[in-house]
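Colleague: Just one file: target.txt, with compact mmCIF, N, CA and C atoms.
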```txt
# COMPACT_ATOMS: atom_id res chain seq x y z
N ARG A 1 -68.93 80.11 -146.46
CA ARG A 1 -69.05 81.48 -146.93
C ARG A 1 -70.13 81.61 -147.98
N ALA A 2 -70.23 80.60 -148.82
CA ALA A 2 -71.22 80.64 -149.90
C ALA A 2 -72.64 80.78 -149.35
N TYR A 3 -72.88 80.29 -148.13
CA TYR A 3 -74.20 80.36 -147.53
C TYR A 3 -74.31 81.45 -146.46
N GLY A 4 -73.25 82.23 -146.28
CA GLY A 4 -73.28 83.32 -145.29
C GLY A 4 -73.35 82.85 -143.85
N LEU A 5 -72.70 81.77 -143.54
CA LEU A 5 -72.79 81.19 -142.20
C LEU A 5 -71.60 81.52 -141.29
N GLN A 6 -70.67 82.37 -141.75
CA GLN A 6 -69.46 82.64 -140.97
C GLN A 6 -69.74 83.13 -139.56
N SER A 7 -70.81 83.87 -139.35
CA SER A 7 -71.08 84.38 -138.01
C SER A 7 -71.79 83.36 -137.13
N TYR A 8 -72.13 82.19 -137.68
CA TYR A 8 -72.84 81.16 -136.92
C TYR A 8 -71.98 79.96 -136.58
N PHE A 9 -70.96 79.67 -137.38
CA PHE A 9 -70.13 78.51 -137.18
C PHE A 9 -68.67 78.91 -137.10
N CYS A 10 -67.95 78.23 -136.23
CA CYS A 10 -66.52 78.44 -136.11
C CYS A 10 -65.85 77.09 -136.29
N LEU A 11 -65.32 76.85 -137.47
CA LEU A 11 -64.65 75.58 -137.76
C LEU A 11 -63.14 75.84 -137.72
N VAL A 12 -62.52 75.45 -136.63
CA VAL A 12 -61.11 75.79 -136.43
C VAL A 12 -60.17 74.60 -136.55
N GLY A 13 -60.71 73.41 -136.75
CA GLY A 13 -59.86 72.23 -136.85
C GLY A 13 -59.30 71.83 -135.50
N SER A 14 -58.30 70.98 -135.52
CA SER A 14 -57.69 70.49 -134.30
C SER A 14 -56.95 71.63 -133.59
N GLN A 15 -57.19 71.75 -132.29
CA GLN A 15 -56.57 72.80 -131.50
C GLN A 15 -55.91 72.19 -130.26
N PRO A 16 -54.74 72.70 -129.87
CA PRO A 16 -54.09 72.17 -128.67
C PRO A 16 -54.88 72.46 -127.39
N ASN A 17 -55.66 73.54 -127.39
CA ASN A 17 -56.48 73.88 -126.23
C ASN A 17 -57.87 74.26 -126.72
N PRO A 18 -58.78 73.30 -126.78
CA PRO A 18 -60.11 73.58 -127.31
C PRO A 18 -61.04 74.28 -126.32
N TYR A 19 -60.67 74.36 -125.05
CA TYR A 19 -61.58 74.86 -124.02
C TYR A 19 -62.09 76.28 -124.25
N PRO A 20 -61.25 77.22 -124.68
CA PRO A 20 -61.80 78.57 -124.92
C PRO A 20 -62.87 78.56 -126.02
N TYR A 21 -62.72 77.73 -127.01
CA TYR A 21 -63.71 77.65 -128.08
C TYR A 21 -65.01 77.05 -127.56
N ILE A 22 -64.89 75.97 -126.81
CA ILE A 22 -66.08 75.32 -126.26
C ILE A 22 -66.78 76.25 -125.27
N LYS A 23 -66.00 76.93 -124.45
CA LYS A 23 -66.57 77.83 -123.44
C LYS A 23 -67.47 78.88 -124.06
N HIS A 24 -67.10 79.40 -125.21
CA HIS A 24 -67.86 80.48 -125.84
C HIS A 24 -68.91 79.99 -126.82
N ALA A 25 -69.02 78.69 -126.98
CA ALA A 25 -70.00 78.12 -127.91
C ALA A 25 -71.39 78.09 -127.27
N ASP A 26 -72.41 78.22 -128.09
CA ASP A 26 -73.78 78.08 -127.60
C ASP A 26 -74.15 76.60 -127.45
N ILE A 27 -73.70 75.79 -128.40
CA ILE A 27 -73.91 74.35 -128.33
C ILE A 27 -72.66 73.66 -128.84
N PHE A 28 -72.55 72.38 -128.53
CA PHE A 28 -71.44 71.56 -129.01
C PHE A 28 -72.03 70.48 -129.90
N VAL A 29 -71.56 70.43 -131.14
CA VAL A 29 -72.02 69.43 -132.09
C VAL A 29 -70.88 68.47 -132.38
N HIS A 30 -71.15 67.20 -132.20
CA HIS A 30 -70.14 66.16 -132.45
C HIS A 30 -70.67 65.28 -133.58
N PRO A 31 -70.29 65.61 -134.83
CA PRO A 31 -70.85 64.90 -135.98
C PRO A 31 -70.10 63.63 -136.39
N SER A 32 -69.12 63.21 -135.63
CA SER A 32 -68.29 62.07 -136.01
C SER A 32 -69.11 60.78 -136.05
N ARG A 33 -68.93 60.03 -137.14
CA ARG A 33 -69.62 58.74 -137.27
C ARG A 33 -68.82 57.61 -136.63
N VAL A 34 -67.53 57.84 -136.46
CA VAL A 34 -66.67 56.83 -135.84
C VAL A 34 -65.91 57.52 -134.72
N GLU A 35 -66.07 57.02 -133.52
CA GLU A 35 -65.45 57.66 -132.36
C GLU A 35 -65.13 56.57 -131.35
N SER A 36 -63.89 56.52 -130.90
CA SER A 36 -63.53 55.47 -129.96
C SER A 36 -63.96 55.80 -128.53
N GLN A 37 -63.87 57.06 -128.12
CA GLN A 37 -64.22 57.41 -126.74
C GLN A 37 -65.15 58.62 -126.65
N GLY A 38 -64.89 59.66 -127.37
CA GLY A 38 -65.72 60.85 -127.26
C GLY A 38 -65.23 61.81 -126.20
N ILE A 39 -63.93 61.96 -126.09
CA ILE A 39 -63.35 62.87 -125.09
C ILE A 39 -63.88 64.29 -125.28
N GLY A 40 -63.98 64.74 -126.53
CA GLY A 40 -64.50 66.09 -126.80
C GLY A 40 -65.90 66.27 -126.25
N VAL A 41 -66.72 65.24 -126.34
CA VAL A 41 -68.08 65.29 -125.81
C VAL A 41 -68.03 65.45 -124.29
N LEU A 42 -67.20 64.66 -123.64
CA LEU A 42 -67.07 64.76 -122.19
C LEU A 42 -66.54 66.13 -121.77
N GLU A 43 -65.61 66.68 -122.55
CA GLU A 43 -65.09 68.02 -122.25
C GLU A 43 -66.20 69.06 -122.38
N ALA A 44 -67.03 68.94 -123.40
CA ALA A 44 -68.14 69.89 -123.56
C ALA A 44 -69.14 69.74 -122.42
N MET A 45 -69.40 68.51 -122.00
CA MET A 45 -70.31 68.29 -120.87
C MET A 45 -69.73 68.88 -119.59
N THR A 46 -68.40 68.78 -119.42
CA THR A 46 -67.74 69.36 -118.26
C THR A 46 -67.98 70.86 -118.21
N LEU A 47 -67.99 71.48 -119.39
CA LEU A 47 -68.24 72.93 -119.49
C LEU A 47 -69.73 73.25 -119.58
N GLU A 48 -70.57 72.24 -119.33
CA GLU A 48 -72.03 72.38 -119.27
C GLU A 48 -72.65 72.91 -120.56
N LYS A 49 -72.12 72.46 -121.68
CA LYS A 49 -72.65 72.87 -122.98
C LYS A 49 -73.68 71.87 -123.45
N PRO A 50 -74.79 72.35 -123.98
CA PRO A 50 -75.74 71.41 -124.58
C PRO A 50 -75.08 70.75 -125.79
N CYS A 51 -75.22 69.45 -125.89
CA CYS A 51 -74.52 68.69 -126.93
C CYS A 51 -75.49 67.99 -127.88
N VAL A 52 -75.10 67.98 -129.15
CA VAL A 52 -75.78 67.16 -130.15
C VAL A 52 -74.73 66.19 -130.67
N ILE A 53 -75.00 64.90 -130.52
CA ILE A 53 -74.03 63.87 -130.81
C ILE A 53 -74.59 62.93 -131.87
N VAL A 54 -73.78 62.60 -132.88
CA VAL A 54 -74.18 61.57 -133.84
C VAL A 54 -73.87 60.22 -133.20
N ARG A 55 -74.83 59.34 -133.27
CA ARG A 55 -74.70 58.01 -132.67
C ARG A 55 -73.47 57.28 -133.24
N SER A 56 -72.62 56.79 -132.34
CA SER A 56 -71.47 55.98 -132.72
C SER A 56 -71.18 55.04 -131.56
N LYS A 57 -70.40 54.01 -131.81
CA LYS A 57 -70.13 53.01 -130.77
C LYS A 57 -69.47 53.62 -129.53
N GLY A 58 -68.51 54.51 -129.72
CA GLY A 58 -67.81 55.09 -128.59
C GLY A 58 -68.69 55.95 -127.70
N THR A 59 -69.46 56.84 -128.30
CA THR A 59 -70.30 57.72 -127.50
C THR A 59 -71.57 57.03 -127.02
N GLU A 60 -71.97 55.96 -127.71
CA GLU A 60 -73.17 55.23 -127.29
C GLU A 60 -73.00 54.64 -125.89
N GLU A 61 -71.74 54.44 -125.49
CA GLU A 61 -71.46 53.90 -124.16
C GLU A 61 -71.95 54.83 -123.05
N PHE A 62 -71.94 56.12 -123.29
CA PHE A 62 -72.30 57.04 -122.20
C PHE A 62 -73.35 58.09 -122.56
N VAL A 63 -73.66 58.29 -123.82
CA VAL A 63 -74.66 59.29 -124.20
C VAL A 63 -76.05 58.66 -124.11
N LYS A 64 -76.90 59.32 -123.33
CA LYS A 64 -78.30 58.90 -123.22
C LYS A 64 -79.16 60.04 -123.74
N ASP A 65 -79.85 59.77 -124.84
CA ASP A 65 -80.63 60.80 -125.51
C ASP A 65 -81.57 61.52 -124.55
N ARG A 66 -81.47 62.82 -124.57
CA ARG A 66 -82.30 63.76 -123.78
C ARG A 66 -81.99 63.72 -122.29
N TYR A 67 -81.06 62.90 -121.87
CA TYR A 67 -80.63 62.88 -120.48
C TYR A 67 -79.34 63.69 -120.31
N ASN A 68 -78.38 63.46 -121.21
CA ASN A 68 -77.14 64.22 -121.12
C ASN A 68 -76.75 64.86 -122.46
N ALA A 69 -77.55 64.62 -123.50
CA ALA A 69 -77.29 65.20 -124.83
C ALA A 69 -78.47 64.86 -125.74
N LEU A 70 -78.49 65.46 -126.91
CA LEU A 70 -79.41 65.01 -127.95
C LEU A 70 -78.60 64.09 -128.85
N GLN A 71 -79.14 62.92 -129.13
CA GLN A 71 -78.41 61.95 -129.94
C GLN A 71 -79.09 61.82 -131.29
N ALA A 72 -78.32 62.09 -132.34
CA ALA A 72 -78.85 62.00 -133.70
C ALA A 72 -78.41 60.71 -134.36
N GLU A 73 -79.23 60.24 -135.26
CA GLU A 73 -78.84 59.09 -136.08
C GLU A 73 -77.76 59.55 -137.06
N GLN A 74 -77.14 58.62 -137.74
CA GLN A 74 -76.06 58.96 -138.67
C GLN A 74 -76.62 59.43 -140.01
N SER A 75 -77.32 60.56 -139.96
CA SER A 75 -77.83 61.16 -141.19
C SER A 75 -77.79 62.68 -141.04
N ILE A 76 -77.54 63.34 -142.14
CA ILE A 76 -77.50 64.80 -142.12
C ILE A 76 -78.85 65.37 -141.69
N ASP A 77 -79.93 64.75 -142.17
CA ASP A 77 -81.27 65.25 -141.84
C ASP A 77 -81.54 65.18 -140.34
N ASP A 78 -81.23 64.05 -139.71
CA ASP A 78 -81.49 63.93 -138.28
C ASP A 78 -80.58 64.84 -137.47
N LEU A 79 -79.31 64.93 -137.87
CA LEU A 79 -78.40 65.84 -137.18
C LEU A 79 -78.90 67.28 -137.28
N THR A 80 -79.32 67.68 -138.45
CA THR A 80 -79.85 69.04 -138.66
C THR A 80 -81.09 69.27 -137.81
N GLU A 81 -81.98 68.29 -137.75
CA GLU A 81 -83.20 68.43 -136.94
C GLU A 81 -82.86 68.63 -135.47
N LYS A 82 -81.91 67.85 -134.97
CA LYS A 82 -81.54 67.95 -133.54
C LYS A 82 -80.89 69.30 -133.23
N ILE A 83 -80.03 69.77 -134.12
CA ILE A 83 -79.41 71.09 -133.92
C ILE A 83 -80.49 72.16 -133.91
N ALA A 84 -81.40 72.11 -134.88
CA ALA A 84 -82.48 73.10 -134.97
C ALA A 84 -83.36 73.06 -133.73
N GLU A 85 -83.65 71.86 -133.24
CA GLU A 85 -84.47 71.71 -132.03
C GLU A 85 -83.80 72.38 -130.83
N LEU A 86 -82.52 72.14 -130.69
CA LEU A 86 -81.78 72.70 -129.56
C LEU A 86 -81.69 74.21 -129.65
N LEU A 87 -81.46 74.72 -130.84
CA LEU A 87 -81.37 76.18 -131.03
C LEU A 87 -82.72 76.85 -130.86
N ALA A 88 -83.80 76.16 -131.20
CA ALA A 88 -85.14 76.75 -131.12
C ALA A 88 -85.67 76.81 -129.69
N ASP A 89 -85.18 75.93 -128.84
CA ASP A 89 -85.71 75.87 -127.47
C ASP A 89 -84.55 75.87 -126.47
N ASN A 90 -84.23 77.04 -125.97
CA ASN A 90 -83.12 77.14 -125.01
C ASN A 90 -83.51 76.65 -123.62
N ARG A 91 -84.72 76.16 -123.47
CA ARG A 91 -85.13 75.59 -122.17
C ARG A 91 -84.76 74.12 -122.06
N ILE A 92 -84.31 73.51 -123.16
CA ILE A 92 -83.90 72.10 -123.10
C ILE A 92 -82.68 71.99 -122.20
N LYS A 93 -82.80 71.15 -121.21
CA LYS A 93 -81.71 70.95 -120.25
C LYS A 93 -81.31 69.48 -120.24
N PHE A 94 -80.11 69.23 -119.80
CA PHE A 94 -79.58 67.87 -119.74
C PHE A 94 -79.11 67.58 -118.32
N PRO A 95 -80.01 67.10 -117.48
CA PRO A 95 -79.68 66.92 -116.06
C PRO A 95 -78.60 65.87 -115.80
N GLY A 96 -78.33 65.00 -116.75
CA GLY A 96 -77.37 63.94 -116.52
C GLY A 96 -75.94 64.26 -116.90
N GLN A 97 -75.68 65.48 -117.33
CA GLN A 97 -74.31 65.79 -117.75
C GLN A 97 -73.31 65.67 -116.61
N ALA A 98 -73.61 66.25 -115.47
CA ALA A 98 -72.66 66.23 -114.35
C ALA A 98 -72.40 64.79 -113.90
N GLU A 99 -73.43 63.98 -113.82
CA GLU A 99 -73.27 62.58 -113.42
C GLU A 99 -72.40 61.83 -114.42
N THR A 100 -72.60 62.10 -115.71
CA THR A 100 -71.81 61.45 -116.75
C THR A 100 -70.35 61.82 -116.61
N VAL A 101 -70.07 63.09 -116.43
CA VAL A 101 -68.69 63.56 -116.30
C VAL A 101 -68.03 62.91 -115.09
N GLU A 102 -68.75 62.83 -113.96
CA GLU A 102 -68.19 62.22 -112.75
C GLU A 102 -67.75 60.78 -112.97
N LYS A 103 -68.49 60.04 -113.79
CA LYS A 103 -68.16 58.64 -114.05
C LYS A 103 -66.85 58.49 -114.81
N PHE A 104 -66.44 59.54 -115.51
CA PHE A 104 -65.23 59.47 -116.32
C PHE A 104 -64.05 60.26 -115.76
N LEU A 105 -64.18 60.77 -114.55
CA LEU A 105 -63.06 61.45 -113.92
C LEU A 105 -61.96 60.43 -113.59
N PRO A 106 -60.70 60.85 -113.61
CA PRO A 106 -59.61 59.91 -113.32
C PRO A 106 -59.81 59.14 -112.02
N GLY A 107 -60.31 59.79 -111.00
CA GLY A 107 -60.51 59.12 -109.72
C GLY A 107 -61.55 58.01 -109.80
N ALA A 108 -62.45 58.10 -110.75
CA ALA A 108 -63.46 57.06 -110.92
C ALA A 108 -62.97 55.94 -111.83
N ILE A 109 -62.14 56.26 -112.79
CA ILE A 109 -61.70 55.28 -113.78
C ILE A 109 -60.43 54.53 -113.35
N LEU A 110 -59.49 55.24 -112.77
CA LEU A 110 -58.19 54.62 -112.46
C LEU A 110 -58.27 53.40 -111.54
N PRO A 111 -59.08 53.40 -110.48
CA PRO A 111 -59.14 52.19 -109.65
C PRO A 111 -59.57 50.95 -110.45
N SER A 112 -60.52 51.11 -111.36
CA SER A 112 -60.94 49.97 -112.19
C SER A 112 -59.82 49.54 -113.12
N PHE A 113 -59.11 50.50 -113.67
CA PHE A 113 -58.00 50.20 -114.56
C PHE A 113 -56.90 49.42 -113.81
N TYR A 114 -56.53 49.92 -112.63
CA TYR A 114 -55.49 49.25 -111.85
C TYR A 114 -55.92 47.84 -111.44
N LYS A 115 -57.18 47.69 -111.14
CA LYS A 115 -57.70 46.36 -110.78
C LYS A 115 -57.58 45.41 -111.97
N LEU A 116 -57.88 45.89 -113.16
CA LEU A 116 -57.76 45.07 -114.37
C LEU A 116 -56.33 44.63 -114.62
N ILE A 117 -55.40 45.57 -114.53
CA ILE A 117 -54.02 45.22 -114.86
C ILE A 117 -53.35 44.42 -113.76
N SER A 118 -53.80 44.52 -112.53
CA SER A 118 -53.18 43.75 -111.45
C SER A 118 -53.61 42.28 -111.49
N HIS A 119 -54.72 41.99 -112.15
CA HIS A 119 -55.18 40.60 -112.24
C HIS A 119 -54.82 39.97 -113.57
N GLY A 120 -54.05 40.68 -114.41
CA GLY A 120 -53.71 40.16 -115.72
C GLY A 120 -52.38 39.54 -115.70
```
Take the structure from the file and write it as structure tokens.

Modeller:
Amino acid sequence: RAYGLQSYFCLVGSQPNPYPYIKHADIFVHPSRVESQGIGVLEAMTLEKPCVIVRSKGTEEFVKDRYNALQAEQSIDDLTEKIAELLADNRIKFPGQAETVEKFLPGAILPSFYKLISHG
């Protein structure tokens, strides 16, 4: 409020159903420095939202800079630059989002999981 940003950001905290918020967002920013999987990122990609992701071990597994998201280093300056870049150029596209989402669908993951546990 001190900076007059209420009409630009919606910080709602943890929600049982985040999809309506993501659906109406212009971009999805994932500023977490520690992330085990990045489910929120995959959900945003499913909804075809342009994403800005802070580099972390969990998201590094599937985020490819400029292919399925913009990936920022773990600094406020780099995160800010990536957000500004995305907002300034609405022609930036991420052709790899659909492919990334497909790799993490239950039908793609469960056979590998079952194979792992059946041999253990």

Colleague: Which polymer residues, protein or nucleic acid, are no farther than 7 Å from (-65.1, 57.6, -132.7), counting all atoms listed in the file, as a short mmCIF file (atom, residue, chain, number, x, y, z; two decimals) with N, CA and C atoms, in the frame of the given file?

Modeller:
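Contents of selection.cif, as written:
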```cif
data_model
loop_
_atom_site.label_atom_id
_atom_site.label_comp_id
_atom_site.auth_asym_id
_atom_site.auth_seq_id
_atom_site.Cartn_x
_atom_site.Cartn_y
_atom_site.Cartn_z
N SER A 32 -69.12 63.21 -135.63
CA SER A 32 -68.29 62.07 -136.01
C SER A 32 -69.11 60.78 -136.05
N ARG A 33 -68.93 60.03 -137.14
CA ARG A 33 -69.62 58.74 -137.27
C ARG A 33 -68.82 57.61 -136.63
N VAL A 34 -67.53 57.84 -136.46
CA VAL A 34 -66.67 56.83 -135.84
C VAL A 34 -65.91 57.52 -134.72
N GLU A 35 -66.07 57.02 -133.52
CA GLU A 35 -65.45 57.66 -132.36
C GLU A 35 -65.13 56.57 -131.35
N SER A 36 -63.89 56.52 -130.90
CA SER A 36 -63.53 55.47 -129.96
C SER A 36 -63.96 55.80 -128.53
N GLN A 37 -63.87 57.06 -128.12
CA GLN A 37 -64.22 57.41 -126.74
C GLN A 37 -65.15 58.62 -126.65
N GLY A 38 -64.89 59.66 -127.37
CA GLY A 38 -65.72 60.85 -127.26
C GLY A 38 -65.23 61.81 -126.20
N SER A 56 -72.62 56.79 -132.34
CA SER A 56 -71.47 55.98 -132.72
C SER A 56 -71.18 55.04 -131.56
N LYS A 57 -70.40 54.01 -131.81
CA LYS A 57 -70.13 53.01 -130.77
C LYS A 57 -69.47 53.62 -129.53
N GLY A 58 -68.51 54.51 -129.72
CA GLY A 58 -67.81 55.09 -128.59
C GLY A 58 -68.69 55.95 -127.70
N THR A 59 -69.46 56.84 -128.30
CA THR A 59 -70.30 57.72 -127.50
C THR A 59 -71.57 57.03 -127.02
#
```

Colleague: Would you mind listing what lies within 8 Å of Pro31 in chain A as an NGL selection string, with all atoms listed in the file counted and same-chain residues fewer than 2 positions away left out?

Modeller: :A and (28-29 or 33-34 or 52-55 or 74 or 79)

Colleague: Going by DSSP on the backbone, which residues of range 2-120 of chain A come out as alpha helix (DSSP H)? List them as number ranges by chain.

Modeller: A: 19-23, 39-46, 57-60, 76-88, 97-103, 106-118

Colleague: Can you write just those residues out, N, CA and C atoms, as a short mmCIF file (atom, residue, chain, number, x, y, z; two decimals), in the frame of the given file?

Modeller:
```
data_model
loop_
_atom_site.label_atom_id
_atom_site.label_comp_id
_atom_site.auth_asym_id
_atom_site.auth_seq_id
_atom_site.Cartn_x
_atom_site.Cartn_y
_atom_site.Cartn_z
N TYR A 19 -60.67 74.36 -125.05
CA TYR A 19 -61.58 74.86 -124.02
C TYR A 19 -62.09 76.28 -124.25
N PRO A 20 -61.25 77.22 -124.68
CA PRO A 20 -61.80 78.57 -124.92
C PRO A 20 -62.87 78.56 -126.02
N TYR A 21 -62.72 77.73 -127.01
CA TYR A 21 -63.71 77.65 -128.08
C TYR A 21 -65.01 77.05 -127.56
N ILE A 22 -64.89 75.97 -126.81
CA ILE A 22 -66.08 75.32 -126.26
C ILE A 22 -66.78 76.25 -125.27
N LYS A 23 -66.00 76.93 -124.45
CA LYS A 23 -66.57 77.83 -123.44
C LYS A 23 -67.47 78.88 -124.06
N ILE A 39 -63.93 61.96 -126.09
CA ILE A 39 -63.35 62.87 -125.09
C ILE A 39 -63.88 64.29 -125.28
N GLY A 40 -63.98 64.74 -126.53
CA GLY A 40 -64.50 66.09 -126.80
C GLY A 40 -65.90 66.27 -126.25
N VAL A 41 -66.72 65.24 -126.34
CA VAL A 41 -68.08 65.29 -125.81
C VAL A 41 -68.03 65.45 -124.29
N LEU A 42 -67.20 64.66 -123.64
CA LEU A 42 -67.07 64.76 -122.19
C LEU A 42 -66.54 66.13 -121.77
N GLU A 43 -65.61 66.68 -122.55
CA GLU A 43 -65.09 68.02 -122.25
C GLU A 43 -66.20 69.06 -122.38
N ALA A 44 -67.03 68.94 -123.40
CA ALA A 44 -68.14 69.89 -123.56
C ALA A 44 -69.14 69.74 -122.42
N MET A 45 -69.40 68.51 -122.00
CA MET A 45 -70.31 68.29 -120.87
C MET A 45 -69.73 68.88 -119.59
N THR A 46 -68.40 68.78 -119.42
CA THR A 46 -67.74 69.36 -118.26
C THR A 46 -67.98 70.86 -118.21
N LYS A 57 -70.40 54.01 -131.81
CA LYS A 57 -70.13 53.01 -130.77
C LYS A 57 -69.47 53.62 -129.53
N GLY A 58 -68.51 54.51 -129.72
CA GLY A 58 -67.81 55.09 -128.59
C GLY A 58 -68.69 55.95 -127.70
N THR A 59 -69.46 56.84 -128.30
CA THR A 59 -70.30 57.72 -127.50
C THR A 59 -71.57 57.03 -127.02
N GLU A 60 -71.97 55.96 -127.71
CA GLU A 60 -73.17 55.23 -127.29
C GLU A 60 -73.00 54.64 -125.89
N ILE A 76 -77.54 63.34 -142.14
CA ILE A 76 -77.50 64.80 -142.12
C ILE A 76 -78.85 65.37 -141.69
N ASP A 77 -79.93 64.75 -142.17
CA ASP A 77 -81.27 65.25 -141.84
C ASP A 77 -81.54 65.18 -140.34
N ASP A 78 -81.23 64.05 -139.71
CA ASP A 78 -81.49 63.93 -138.28
C ASP A 78 -80.58 64.84 -137.47
N LEU A 79 -79.31 64.93 -137.87
CA LEU A 79 -78.40 65.84 -137.18
C LEU A 79 -78.90 67.28 -137.28
N THR A 80 -79.32 67.68 -138.45
CA THR A 80 -79.85 69.04 -138.66
C THR A 80 -81.09 69.27 -137.81
N GLU A 81 -81.98 68.29 -137.75
CA GLU A 81 -83.20 68.43 -136.94
C GLU A 81 -82.86 68.63 -135.47
N LYS A 82 -81.91 67.85 -134.97
CA LYS A 82 -81.54 67.95 -133.54
C LYS A 82 -80.89 69.30 -133.23
N ILE A 83 -80.03 69.77 -134.12
CA ILE A 83 -79.41 71.09 -133.92
C ILE A 83 -80.49 72.16 -133.91
N ALA A 84 -81.40 72.11 -134.88
CA ALA A 84 -82.48 73.10 -134.97
C ALA A 84 -83.36 73.06 -133.73
N GLU A 85 -83.65 71.86 -133.24
CA GLU A 85 -84.47 71.71 -132.03
C GLU A 85 -83.80 72.38 -130.83
N LEU A 86 -82.52 72.14 -130.69
CA LEU A 86 -81.78 72.70 -129.56
C LEU A 86 -81.69 74.21 -129.65
N LEU A 87 -81.46 74.72 -130.84
CA LEU A 87 -81.37 76.18 -131.03
C LEU A 87 -82.72 76.85 -130.86
N ALA A 88 -83.80 76.16 -131.20
CA ALA A 88 -85.14 76.75 -131.12
C ALA A 88 -85.67 76.81 -129.69
N GLN A 97 -75.68 65.48 -117.33
CA GLN A 97 -74.31 65.79 -117.75
C GLN A 97 -73.31 65.67 -116.61
N ALA A 98 -73.61 66.25 -115.47
CA ALA A 98 -72.66 66.23 -114.35
C ALA A 98 -72.40 64.79 -113.90
N GLU A 99 -73.43 63.98 -113.82
CA GLU A 99 -73.27 62.58 -113.42
C GLU A 99 -72.40 61.83 -114.42
N THR A 100 -72.60 62.10 -115.71
CA THR A 100 -71.81 61.45 -116.75
C THR A 100 -70.35 61.82 -116.61
N VAL A 101 -70.07 63.09 -116.43
CA VAL A 101 -68.69 63.56 -116.30
C VAL A 101 -68.03 62.91 -115.09
N GLU A 102 -68.75 62.83 -113.96
CA GLU A 102 -68.19 62.22 -112.75
C GLU A 102 -67.75 60.78 -112.97
N LYS A 103 -68.49 60.04 -113.79
CA LYS A 103 -68.16 58.64 -114.05
C LYS A 103 -66.85 58.49 -114.81
N PRO A 106 -60.70 60.85 -113.61
CA PRO A 106 -59.61 59.91 -113.32
C PRO A 106 -59.81 59.14 -112.02
N GLY A 107 -60.31 59.79 -111.00
CA GLY A 107 -60.51 59.12 -109.72
C GLY A 107 -61.55 58.01 -109.80
N ALA A 108 -62.45 58.10 -110.75
CA ALA A 108 -63.46 57.06 -110.92
C ALA A 108 -62.97 55.94 -111.83
N ILE A 109 -62.14 56.26 -112.79
CA ILE A 109 -61.70 55.28 -113.78
C ILE A 109 -60.43 54.53 -113.35
N LEU A 110 -59.49 55.24 -112.77
CA LEU A 110 -58.19 54.62 -112.46
C LEU A 110 -58.27 53.40 -111.54
N PRO A 111 -59.08 53.40 -110.48
CA PRO A 111 -59.14 52.19 -109.65
C PRO A 111 -59.57 50.95 -110.45
N SER A 112 -60.52 51.11 -111.36
CA SER A 112 -60.94 49.97 -112.19
C SER A 112 -59.82 49.54 -113.12
N PHE A 113 -59.11 50.50 -113.67
CA PHE A 113 -58.00 50.20 -114.56
C PHE A 113 -56.90 49.42 -113.81
N TYR A 114 -56.53 49.92 -112.63
CA TYR A 114 -55.49 49.25 -111.85
C TYR A 114 -55.92 47.84 -111.44
N LYS A 115 -57.18 47.69 -111.14
CA LYS A 115 -57.70 46.36 -110.78
C LYS A 115 -57.58 45.41 -111.97
N LEU A 116 -57.88 45.89 -113.16
CA LEU A 116 -57.76 45.07 -114.37
C LEU A 116 -56.33 44.63 -114.62
N ILE A 117 -55.40 45.57 -114.53
CA ILE A 117 -54.02 45.22 -114.86
C ILE A 117 -53.35 44.42 -113.76
N SER A 118 -53.80 44.52 -112.53
CA SER A 118 -53.18 43.75 -111.45
C SER A 118 -53.61 42.28 -111.49
#
```

Colleague: Which one is closest to Ile83 in chain A: A:Ala98, A:Leu105, A:Val41, A:Cys51? Count all atoms listed in the file.

Modeller: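 Of A:Ala98, A:Leu105, A:Val41, A:Cys51, the one nearest Ile83 in chain A, counting all atoms listed in the file, is A:Cys51.
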
Colleague: May I ask which of the residues A:Ser112, A:Asn68, A:Ser118, A:Thr80 is the closest one to Lys93 in chain A, counting all atoms listed in the file?

Modeller: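 Once distances to Lys93 in chain A are computed over all atoms listed in the file, the minimum belongs to A:Asn68.
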
Colleague: So what do you get for atom C of Ala72 in chain A versus atom C of Glu85 in chain A, distance-wise?

Modeller: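 Separation of atom C of Ala72 in chain A and atom C of Glu85 in chain A: 13.3 Å.
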
Colleague: Restricting the calculation to only C-alpha atoms: of A:His30, A:Lys82, A:His119, A:Arg1, which residue gets closest to Ala44 in chain A?

Modeller: A:His30
